Structures are given as C-alpha cells and as structure tokens.
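J.: Next up is a structure, given as structure tokens.
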Amino acid sequence: MQHIIDRFISYVTIDTQSDSSSNTTPSTKKQWNLANKLVDELRAIGLTDVTIDDNAYIMATLPSNVDHQVATIGFIAHFDTSPDFSGTNVKPQVIENYDGKDIILNKEKDIVLSSSYFDDLLQYIGQTIITTDGTTLLGADDKAGITEIVTAMEYLINNPDIKHGPIRIGFTPDEEIGRGAHKFDVEKFGAEWAYTMDGSQIGELEYENFNAAGAKITVSGKSVHPGYAKGKMVNALLIANYIISEFPKHEIPQETDGRDGFFHIHHINGEIEHATVELIIRDHNLKRFNERKQLVQDIVKRYNNEYDNCIELELKNQYFNMKEKVEPVFHIVETAKKAMEDIGIKPIIKPIRGGTDGSQLSYMGLPCPNIFAGGHNFHGKYEYVPVESMQKAVEVIVRICQLTANQ
C-alpha cells in the first residue's frame, strides 16, 4: 500500500491545472511536467510502444501473454486538474487508521473536513485517507486513476502467471475543461473498448452521462443619462436579469439529482451597455435535452422581439450520453461488474451527473464506461481519497484483464 501512496503523492505534488481560456493543447505548459514524468515511468516499469505526441497525449502497451486471440482493451485517465481551485503547492496529508472524527486540514485557517457534513467519510473508518492541507485541491481527480492504471500494469508485468490479452493505456490533458478527448487518436489507440478510471467512491460503475450544451447570451444596451432616459435607455443588465428569471427556478444543480436535468448559470458580467450570461444545459434524456435548448432559444427570441434584436445567443453542444454507444456492447459493462463482484465490491451502477473523456470517446468509436478511482469532494479543498479504494481499483483493473483473456 505504501507503494501506491508514494506514487500518488509524486503525481499530485506536480501542478497540472488546466485553463479554459487557453487555445493550446495542453492548455497549460505545466501539464508537460507530469506528462514527461509518466512517459519515463511507463518505460521504466516495462511497457512497450510508449509514445507522447505534440499535444501531450500518452499511450502505451502491455502485450498479450496468451497464445489465443483476445480483444485489445484500454484504460484511460487524465492528468490535468480542475481550474476551479488551486492546484499549486499541493501538500497531501496521510491520515492512518481514520477514527471517524473531524479531520483538521489546516489549524491556522480553521479548515476542517467534517465527518458530519461529509458523511461519506464514515465508510472509511480504520482506513488510510489522503487529504489536502486545506489550501489546494488534492488532484485525486484524476491522478488516483493514473496511479491505479500504472500500478496495475506494473503488477501484471511482475506477475506474468496472470494471463491477459493486449492492454492499451492512455493519459490525456485538459479533461477538466472538456477537451480531453478532442485530439485523442482512437485509431492509433487500437482498442475495441476501454474504461476511464475517473469515477468517485469505491464501487461506482457508470455508462450513462448527461447530454451537455453551453450557452452564452450577450445583451447590447444603450447608456443614457438616467434623468433623461425615458424611451431611450436600454439597460443590458436588467434585460439579462429578465432572461435569467425565465428559467425554471427549481431546475438547478442544487435542487436536482439522479437523472434530473438542469440549467446552471455560472457567469454573469456586465454594465448598462453590455452584459453576458453564461450557462450550461444538462439532461440525460435526449428529448428533454433538446427541449431545454429550445427553451433558451425561445426566451432569447421573445426578448429580442421586445428589445429590438439587441441579444445574441451562442449555443453549442458539448457532449452526448454515452449510453447509446455502450448499450449495444453491454458485455463490457458486465465484465467490469463481474470484476468488482469477484473481489468483493458491490457495484454501484448509476448515471454520471457530468461527463468524462469516455462520453466523447464513445462517440468517436471507442465505447468507454467509467469506473471508480476512489476520491471524494473533487475540485476543492475538502477533496480526499482512501488508499484502500485505490488498491481495490488496481485489483479491478487486473481482474478485468484476466476476465477479458478468458472470454
């Protein structure tokens, strides 16, 4: 277990935060620091065909050790961390034999990981938990996934009596800003299917995700002295507020769960002459997803009619529900489910309230369900990961490889 801890810490202490405002791939130069380290490590443990392209996409192979034809499968994780919270100077804290009480992350700043508020912690009493120091995120999303894949490949190399077919692994930049699969070469990867190791708590197995779109509404106003504004001023801020008020007030992230969709206003900027509203649109059901997009268009059209076409709408699809691409090859989900059951894990099969590289890869021809990586509270200072969950994820990967060789 110490080997997993050491490997994980060596990854999370390298800052790999991505940047949605950048047009490069990877979006930040610092992602190269971990990418190059991973390439060296993959070669050192004995993988073959280790490559890294000009955009920092990493691929490698563990050749088959059986003499019959076996499907090539893959395991994928991303090495960037979210721009939502600092990933600079990550200082992990290792809590051994967790006692179920609150964990003081930072005494000086009075930052506490509370087991009453974050009650998932209580599942891990007696285990070893890695936390932040309260000033950064941890980066278990998705450096836990990378740790698990590398460790599983190393284990298979060191234990050649475990039979498996050809295994491909891939590590991507920029997943956190929605671009992780954009330049992934599915043909070069050459797998029939793959698994992203990018889920949360132990047992998660996901093959459904949101249909997703993003919208930017831009309002152009006219500024006139307020004392003489009657019939002349067009207040972009007020119009933006009217538009926001048109969305269903309970169909928001904090009031929805499961397969419920939502509208999420995440940025508002402006003044009298110019205002922008940015939102994301999410729904698992394609019909409802299209209805949500239509609602946005109808609202903008109505206010354009009222305010002399002063509003512009930019509406873009981001990704789609991978269920449509995975269900026709559902045996790949069943294989992962059996792997978990074989090592004593109860699978938690549920829809992802978000997306992964796998959702885009599935539509690029690589069906790609998502498996737990073990972390909790991603993208913030309360992020943590139980080491035992990472160990179990390693075992799941190994068992999937074994099961595939026997199919």
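Each chain in the structure tokens gets a letter, A, B and so on, in the order shown; residues start at 1 in every chain, and ligands are counted from 1 in the order they appear.
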Skip Pro160 (chain A) itself and residues of its chain fewer than 6 positions away, then list as JSON, numbers by chain all residues within 12 Å of it, counting only C-alpha atoms.
T.: {"A": [62, 63, 64, 65, 66, 153, 154, 398, 402]}
J.: Out of region 156-353 of chain A, which residues get strand (DSSP E) from DSSP, as a PyMOL selection string?
T.: chain A and resi 167-172+193-199+204-206+211-220+262-271+274-283+311-319+348-349
J.: Tell me which of A:Phe85, A:Phe75, A:Tyr242, A:Tyr124 sits closest to Ile167 (chain A), counting only C-alpha atoms.
T.: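 Closest to Ile167 (chain A), using only C-alpha atoms: A:Phe75.
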J.: Using DSSP assignments from the backbone, pull out every residue in region 199-379 of chain A that falls under helix (DSSP H, G or I) and give it to me as a ChimeraX atom specification.
T.: /A:226-228,236-245,253-255,286-306,323-329,331-342,357-363
J.: Identify which of the residues A:Val39, A:Pro83, A:Asn33, A:Glu271 lies closest to Ile177 (chain A), counting only C-alpha atoms when measuring atom-to-atom distances.
T.: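 Checking each candidate against Ile177 (chain A), we get A:Pro83 as the closest.
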J.: At a cut-off of 7 Å, using only C-alpha atoms, what residues contact Ile76 (chain A)? Leave out same-chain residues fewer than 3 positions from it and give the result as a list in words.
T.: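 The contact residues come out as Ile169, Gly170, Phe171, Tyr195, Thr196 and Met197 of chain A.
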J.: Compile the contact shell of Gly178 (chain A) as an MDAnalysis selection string: residues with an atom at most 12 Å away, counting only C-alpha atoms, same-chain residues fewer than 6 positions apart removed.
T.: chainID A and resid 18:20 25:27 78 80:83 172 212:214 317:319 354:361
J.: Which residues are near Thr136 (chain A)? Cut-off 6 Å, only C-alpha atoms, ignore same chain within fewer than 2 positions. Put them as a compact mmCIF listing (two decimals) with C-alpha atoms, in the first residue's frame.
T.:
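Result file around_14.txt:
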# COMPACT_ATOMS: atom_id res chain seq x y z
CA SER A 86 -5.70 25.98 -6.84
CA GLY A 87 -3.50 23.00 -7.64
CA VAL A 90 -0.34 20.59 -3.04
CA GLY A 134 -6.93 22.99 3.18
CA LYS A 381 -10.04 21.85 -0.56
J.: If we count only C-alpha atoms and set the cut-off at 8 Å, which residues sit around Lys293 (chain A), ignoring sequence neighbours fewer than 3 positions away in its own chain? Please answer as a PyMOL selection string.
T.: chain A and resi 213+281+289-290+296-297+315
J.: So which residues touch Phe378 (chain A) within 9 Å, counting only C-alpha atoms, skipping near sequence neighbours fewer than 6 positions away, as an MDAnalysis selection string?
T.: chainID A and resid 82 137:141 200 384
J.: Please dump the current selection as an mmCIF file, in the first residue's frame; keep C-alpha atoms.
T.:
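To be explicit, this is the file written out as part.cif:
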data_model
loop_
_atom_site.group_PDB
_atom_site.id
_atom_site.type_symbol
_atom_site.label_atom_id
_atom_site.label_comp_id
_atom_site.auth_asym_id
_atom_site.auth_seq_id
_atom_site.Cartn_x
_atom_site.Cartn_y
_atom_site.Cartn_z
ATOM 1 C CA SER A 82 -9.631 21.493 -12.358
ATOM 2 C CA LEU A 137 -7.393 20.695 -4.163
ATOM 3 C CA LEU A 138 -5.802 17.246 -3.920
ATOM 4 C CA GLY A 139 -5.854 16.066 -7.520
ATOM 5 C CA ALA A 140 -7.291 12.592 -6.945
ATOM 6 C CA ASP A 141 -9.398 13.606 -9.943
ATOM 7 C CA SER A 200 -15.628 8.699 -7.363
ATOM 8 C CA TYR A 384 -9.781 13.204 -0.191
#
J.: Nearest to Asn370 (chain A) among A:Asn209, A:Ser220, A:Gln254, A:Asn304, with distances taken over only C-alpha atoms: which residue is it?
T.: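 When distances to Asn370 (chain A) are compared using only C-alpha atoms, the smallest one comes from A:Asn209.
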J.: Hey, can you check how far CA of Asp67 (chain A) sits from CA of Val50 (chain A)?
T.: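 Value for the CA of Asp67 (chain A)-CA of Val50 (chain A) distance: 23.0 Å.
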J.: Using only C-alpha atoms, find the one residue out of A:Asp142, A:Glu273, A:Asp53, A:Asp120 that sits nearest to Tyr11 (chain A).
T.: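 Nearest to Tyr11 (chain A): A:Asp142.
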J.: Find the distance between CA of Gln294 (chain A) and CA of Arg179 (chain A) and write it in Å to one decimal.
T.: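 Pair CA of Gln294 (chain A) / CA of Arg179 (chain A) returns 25.1 Å.
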J.: Choose the residue, out of A:Asp257, A:Asp308, A:Glu341, A:Asp102, that has the smallest atom-to-atom separation from Ile125 (chain A); count only C-alpha atoms.
T.: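 Comparing A:Asp257, A:Asp308, A:Glu341, A:Asp102 against Ile125 (chain A), the winner is A:Asp102.
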J.: Choose the residue, out of A:Ile4, A:Ile345, A:Val94, A:Val234, that has the smallest atom-to-atom separation from Glu148 (chain A); count only C-alpha atoms.
T.: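 Ranking A:Ile4, A:Ile345, A:Val94, A:Val234 by distance to Glu148 (chain A), first place goes to A:Ile4.
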